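Right, one structure below, let's go through it.
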Amino acid sequence: MNEKFIKAQELTKKYDQEHLLAFYNELSACEQENLLDQILSIDFDLMNELFLQAKAEMEGGTEIKGEITPIGCVEKSALSANELKAYEEKGRKIMKDGGFAAVTMAGGQGTRLGHNGPKGTYDIGLESHMSLFEIQAMRLKKKKEELGVNIPWYIMTSKENDAATKAHFEANNYFGYDKDSIMFFVQCMLPMIHTNGKVVLCEKGKIKEGADGHGGIFTAMIKSGVAADIKKRGVNWLFVGGIDNVLVRLCDPVFVGYMEESGKMIGGKSLIKRDPYEKAGVFCKKDGKPYVIEYTEISKEMAEMVDENGQYVYGDAHILCNMFNSKVFDVMGDKGLPYHTAFKKTAYIDENGNEITPDKPNAYKFEAFIFDAFNFFDDMAILRITREEEFAPVKNKEGEDSPATAKALYEACGEEIY
Ligand code: UTP
């Protein structure tokens, strides 16, 4: 009997997950090997802990522990021409000297968009038919032309979309950007768990796993060697953004210069919520430290609260445009961020080997959120920008925040975005 199988059998017995090997004898040698590798890579103690947390959340709801207070920000439009020029020059110099890198998080599943392939390969219907990846590559190319240096570009993928992402870059000749300045790294996955505590089998030989959320970026950077590479290159500032904002300024010298001047280690761009109920988390402080309170967590009273000028007190939306000093890895260590639970619908194999497609949520998925990192720091610099200039997300297939709205916003800006 093979050693891996014996180990997997012991583990599944110990953690009451024996169903994972129920169809083992029906699998091909290759499928057997993959299943054993999956089982052996699972941290079952962590999964038990997360399952108990999920159950408690479902029963008691989520409640914020801590005191929420407002956080200040600087409004970009209120800066003088001289201030803007000074930030821009400072940022440009940092970029020219190799002290800056861009990071794109592209490991998400893009379930709402429903595109068959990595979200970054999606064509929103521009005349040029650029994919979301190409839009970002174009901005880096422009910076190269302007500054004469290649800005390192790190791209986070997941086990599910890594190969297809790399193939898209290869097929498009890296969009004419320097291939050696583009580095891919893969984020971790976590299994999904049924409401009865059993790990989900999505095929007879496959455990259903999901990417561990954009907050998985810090551990992924450390494990993959990206954090070390950043240090080796002497990069001080990292812009971290998502793949799905077609107006993202992934090399914005004003933001870089603003961060350097701020003396703070972390920063974020914000924009004012459309209305108090927009589905976006907002910047605030929790127990005196920076935090993002989710739209699901904020009370109606807090969401609607205005100051003496009629501005929302908790109205600065977090748009996944953040800047981190490379020293964050020293502060945060390698413990990673806490996981949050999402209750999802997922197809599974039942005890008789039949595939069941549920019509309502049946399993827990666990994700870390990048903004939980903010709470490690005493303060952060927030730059409030305008939606029309910098935020055009592609989330849904149709309607709000869809390819159609993103295309319209992109075209309204012209292609002069950096
Ligand atoms: P979202 O949270 O909007 O998720 O990600 P998504 O995968 O794009 O779409 P849905 O929710 O499944 O419909 C915001 C950004 O964070 C990245 C995404 O790729 C996107 O750029 N992300 C999200 C990751 O890189 N990894 C994750 O595990 C989750």
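Letters for chains follow the order of the structure tokens (A, B, ...), residue numbers begin at 1 for each chain, and ligand numbers begin at 1 in the order shown.
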Can you tell me which residues come within 9 Å of ligand 1 when counting only C-alpha atoms and all ligand atoms, ideally as a PyMOL selection string?
-> chain A and resi 104-114+118-120+155-158+187-189+210-217+241-245+320+367-370+393-396
Could you pull out the residues in region 228-331 of chain A that DSSP calls helix (DSSP H, G or I) from the backbone, as a ChimeraX atom specification?
-> /A:228-233,253-262,300-304,328-331
Save out the residues we just selected, N, CA, C and O atoms, as an mmCIF file, in the first residue's frame.
```cif
data_model
loop_
_atom_site.group_PDB
_atom_site.id
_atom_site.type_symbol
_atom_site.label_atom_id
_atom_site.label_comp_id
_atom_site.auth_asym_id
_atom_site.auth_seq_id
_atom_site.Cartn_x
_atom_site.Cartn_y
_atom_site.Cartn_z
ATOM 1 N N ALA A 228 11.072 38.724 -1.083
ATOM 2 C CA ALA A 228 12.538 38.763 -1.095
ATOM 3 C C ALA A 228 13.037 39.477 -2.354
ATOM 4 O O ALA A 228 13.996 40.248 -2.308
ATOM 5 N N ASP A 229 12.361 39.231 -3.474
ATOM 6 C CA ASP A 229 12.752 39.859 -4.741
ATOM 7 C C ASP A 229 12.604 41.385 -4.655
ATOM 8 O O ASP A 229 13.448 42.138 -5.143
ATOM 9 N N ILE A 230 11.541 41.814 -3.996
ATOM 10 C CA ILE A 230 11.286 43.249 -3.828
ATOM 11 C C ILE A 230 12.434 43.886 -3.034
ATOM 12 O O ILE A 230 12.945 44.940 -3.401
ATOM 13 N N LYS A 231 12.835 43.209 -1.987
ATOM 14 C CA LYS A 231 13.950 43.706 -1.152
ATOM 15 C C LYS A 231 15.233 43.759 -1.972
ATOM 16 O O LYS A 231 15.969 44.735 -1.930
ATOM 17 N N LYS A 232 15.466 42.677 -2.712
ATOM 18 C CA LYS A 232 16.708 42.569 -3.499
ATOM 19 C C LYS A 232 16.790 43.701 -4.527
ATOM 20 O O LYS A 232 17.840 44.286 -4.743
ATOM 21 N N ARG A 233 15.648 44.042 -5.108
ATOM 22 C CA ARG A 233 15.636 45.103 -6.112
ATOM 23 C C ARG A 233 15.697 46.500 -5.497
ATOM 24 O O ARG A 233 15.793 47.488 -6.204
ATOM 25 N N PRO A 253 2.624 58.742 -10.088
ATOM 26 C CA PRO A 253 3.706 59.393 -9.343
ATOM 27 C C PRO A 253 3.200 60.295 -8.216
ATOM 28 O O PRO A 253 3.865 60.425 -7.189
ATOM 29 N N VAL A 254 2.014 60.893 -8.403
ATOM 30 C CA VAL A 254 1.469 61.764 -7.341
ATOM 31 C C VAL A 254 1.226 60.943 -6.073
ATOM 32 O O VAL A 254 1.588 61.341 -4.970
ATOM 33 N N PHE A 255 0.652 59.758 -6.253
ATOM 34 C CA PHE A 255 0.351 58.895 -5.103
ATOM 35 C C PHE A 255 1.659 58.435 -4.436
ATOM 36 O O PHE A 255 1.773 58.410 -3.209
ATOM 37 N N VAL A 256 2.649 58.105 -5.257
ATOM 38 C CA VAL A 256 3.938 57.638 -4.717
ATOM 39 C C VAL A 256 4.594 58.777 -3.917
ATOM 40 O O VAL A 256 5.039 58.588 -2.774
ATOM 41 N N GLY A 257 4.619 59.955 -4.516
ATOM 42 C CA GLY A 257 5.230 61.106 -3.837
ATOM 43 C C GLY A 257 4.474 61.467 -2.568
ATOM 44 O O GLY A 257 5.068 61.793 -1.532
ATOM 45 N N TYR A 258 3.154 61.382 -2.647
ATOM 46 C CA TYR A 258 2.301 61.687 -1.494
ATOM 47 C C TYR A 258 2.600 60.721 -0.349
ATOM 48 O O TYR A 258 2.716 61.118 0.817
ATOM 49 N N MET A 259 2.778 59.443 -0.678
ATOM 50 C CA MET A 259 3.089 58.436 0.356
ATOM 51 C C MET A 259 4.445 58.720 0.989
ATOM 52 O O MET A 259 4.603 58.677 2.199
ATOM 53 N N GLU A 260 5.420 59.007 0.151
ATOM 54 C CA GLU A 260 6.776 59.247 0.656
ATOM 55 C C GLU A 260 6.766 60.434 1.635
ATOM 56 O O GLU A 260 7.359 60.381 2.700
ATOM 57 N N GLU A 261 6.038 61.473 1.260
ATOM 58 C CA GLU A 261 5.958 62.676 2.105
ATOM 59 C C GLU A 261 5.176 62.423 3.398
ATOM 60 O O GLU A 261 5.424 63.040 4.419
ATOM 61 N N SER A 262 4.204 61.505 3.316
ATOM 62 C CA SER A 262 3.298 61.296 4.458
ATOM 63 C C SER A 262 4.015 60.722 5.677
ATOM 64 O O SER A 262 3.560 60.872 6.803
ATOM 65 N N LYS A 300 -27.141 51.710 9.717
ATOM 66 C CA LYS A 300 -27.798 52.700 8.866
ATOM 67 C C LYS A 300 -27.453 54.109 9.365
ATOM 68 O O LYS A 300 -27.131 55.007 8.593
ATOM 69 N N GLU A 301 -27.463 54.231 10.671
ATOM 70 C CA GLU A 301 -27.186 55.521 11.309
ATOM 71 C C GLU A 301 -25.774 56.020 10.972
ATOM 72 O O GLU A 301 -25.579 57.178 10.592
ATOM 73 N N MET A 302 -24.818 55.111 11.061
ATOM 74 C CA MET A 302 -23.429 55.483 10.742
ATOM 75 C C MET A 302 -23.282 55.802 9.257
ATOM 76 O O MET A 302 -22.608 56.750 8.875
ATOM 77 N N ALA A 303 -23.890 54.972 8.426
ATOM 78 C CA ALA A 303 -23.767 55.173 6.978
ATOM 79 C C ALA A 303 -24.339 56.529 6.557
ATOM 80 O O ALA A 303 -23.831 57.178 5.640
ATOM 81 N N GLU A 304 -25.383 56.974 7.248
ATOM 82 C CA GLU A 304 -26.056 58.218 6.852
ATOM 83 C C GLU A 304 -25.491 59.455 7.546
ATOM 84 O O GLU A 304 -25.844 60.583 7.207
ATOM 85 N N VAL A 328 6.376 46.634 5.222
ATOM 86 C CA VAL A 328 5.178 46.035 5.835
ATOM 87 C C VAL A 328 5.406 44.567 6.193
ATOM 88 O O VAL A 328 4.859 44.078 7.168
ATOM 89 N N PHE A 329 6.229 43.894 5.391
ATOM 90 C CA PHE A 329 6.456 42.469 5.662
ATOM 91 C C PHE A 329 7.115 42.276 7.027
ATOM 92 O O PHE A 329 6.858 41.305 7.718
ATOM 93 N N ASP A 330 7.993 43.223 7.408
ATOM 94 C CA ASP A 330 8.652 43.121 8.719
ATOM 95 C C ASP A 330 7.640 43.341 9.837
ATOM 96 O O ASP A 330 7.677 42.684 10.865
ATOM 97 N N VAL A 331 6.716 44.276 9.621
ATOM 98 C CA VAL A 331 5.727 44.589 10.661
ATOM 99 C C VAL A 331 4.701 43.465 10.804
ATOM 100 O O VAL A 331 4.366 43.039 11.908
#
```
Between CA of Gln38 (chain A) and CA of Asn2 (chain A) - distance in Å to one decimal | 15.6 Å
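The spacing separating CA of His115 (chain A) from CA of Arg274 (chain A) amounts to 27.3 Å.
Computed from the coordinates, the CA of Pro338 (chain A) to CA of Leu11 (chain A) distance equals 24.5 Å.
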Run DSSP on the backbone and give me the residues of region 116-208 of chain A it puts in strand (DSSP E or B), as number ranges by chain.
-> A: 123, 131, 153-157, 182-186, 189-191, 193-194, 199, 201-203, 206-207
Selection near Lys360 (chain A), 9 Å with only C-alpha atoms, sequence-local residues under 4 positions removed, as a ChimeraX atom specification | /A:344-346
Once you count only C-alpha atoms, what closest atom pair and distance in Å to one decimal does each residue of region 248-300 of chain A within 12 Å of region 127-151 of chain A have, with rows by chain and rising residue number, as a tab-separated table?
```
residue	atom	partner	partner_atom	distance
A:Val248	CA	A:Gln136	CA	7.8
A:Arg249	CA	A:Arg139	CA	7.7
A:Leu250	CA	A:Gln136	CA	7.4
A:Cys251	CA	A:Leu140	CA	7.1
A:Asp252	CA	A:Lys143	CA	9.4
A:Pro253	CA	A:Lys143	CA	9.9
```
Restricting it to C-alpha atoms, dump the selection as a compact mmCIF listing (two decimals), in the first residue's frame.
```txt
# COMPACT_ATOMS: atom_id res chain seq x y z
CA VAL A 248 -6.68 52.03 -12.21
CA ARG A 249 -3.57 54.21 -12.19
CA LEU A 250 -1.07 51.56 -11.33
CA CYS A 251 1.93 53.87 -11.66
CA ASP A 252 0.73 57.19 -10.30
CA PRO A 253 3.71 59.39 -9.34
```
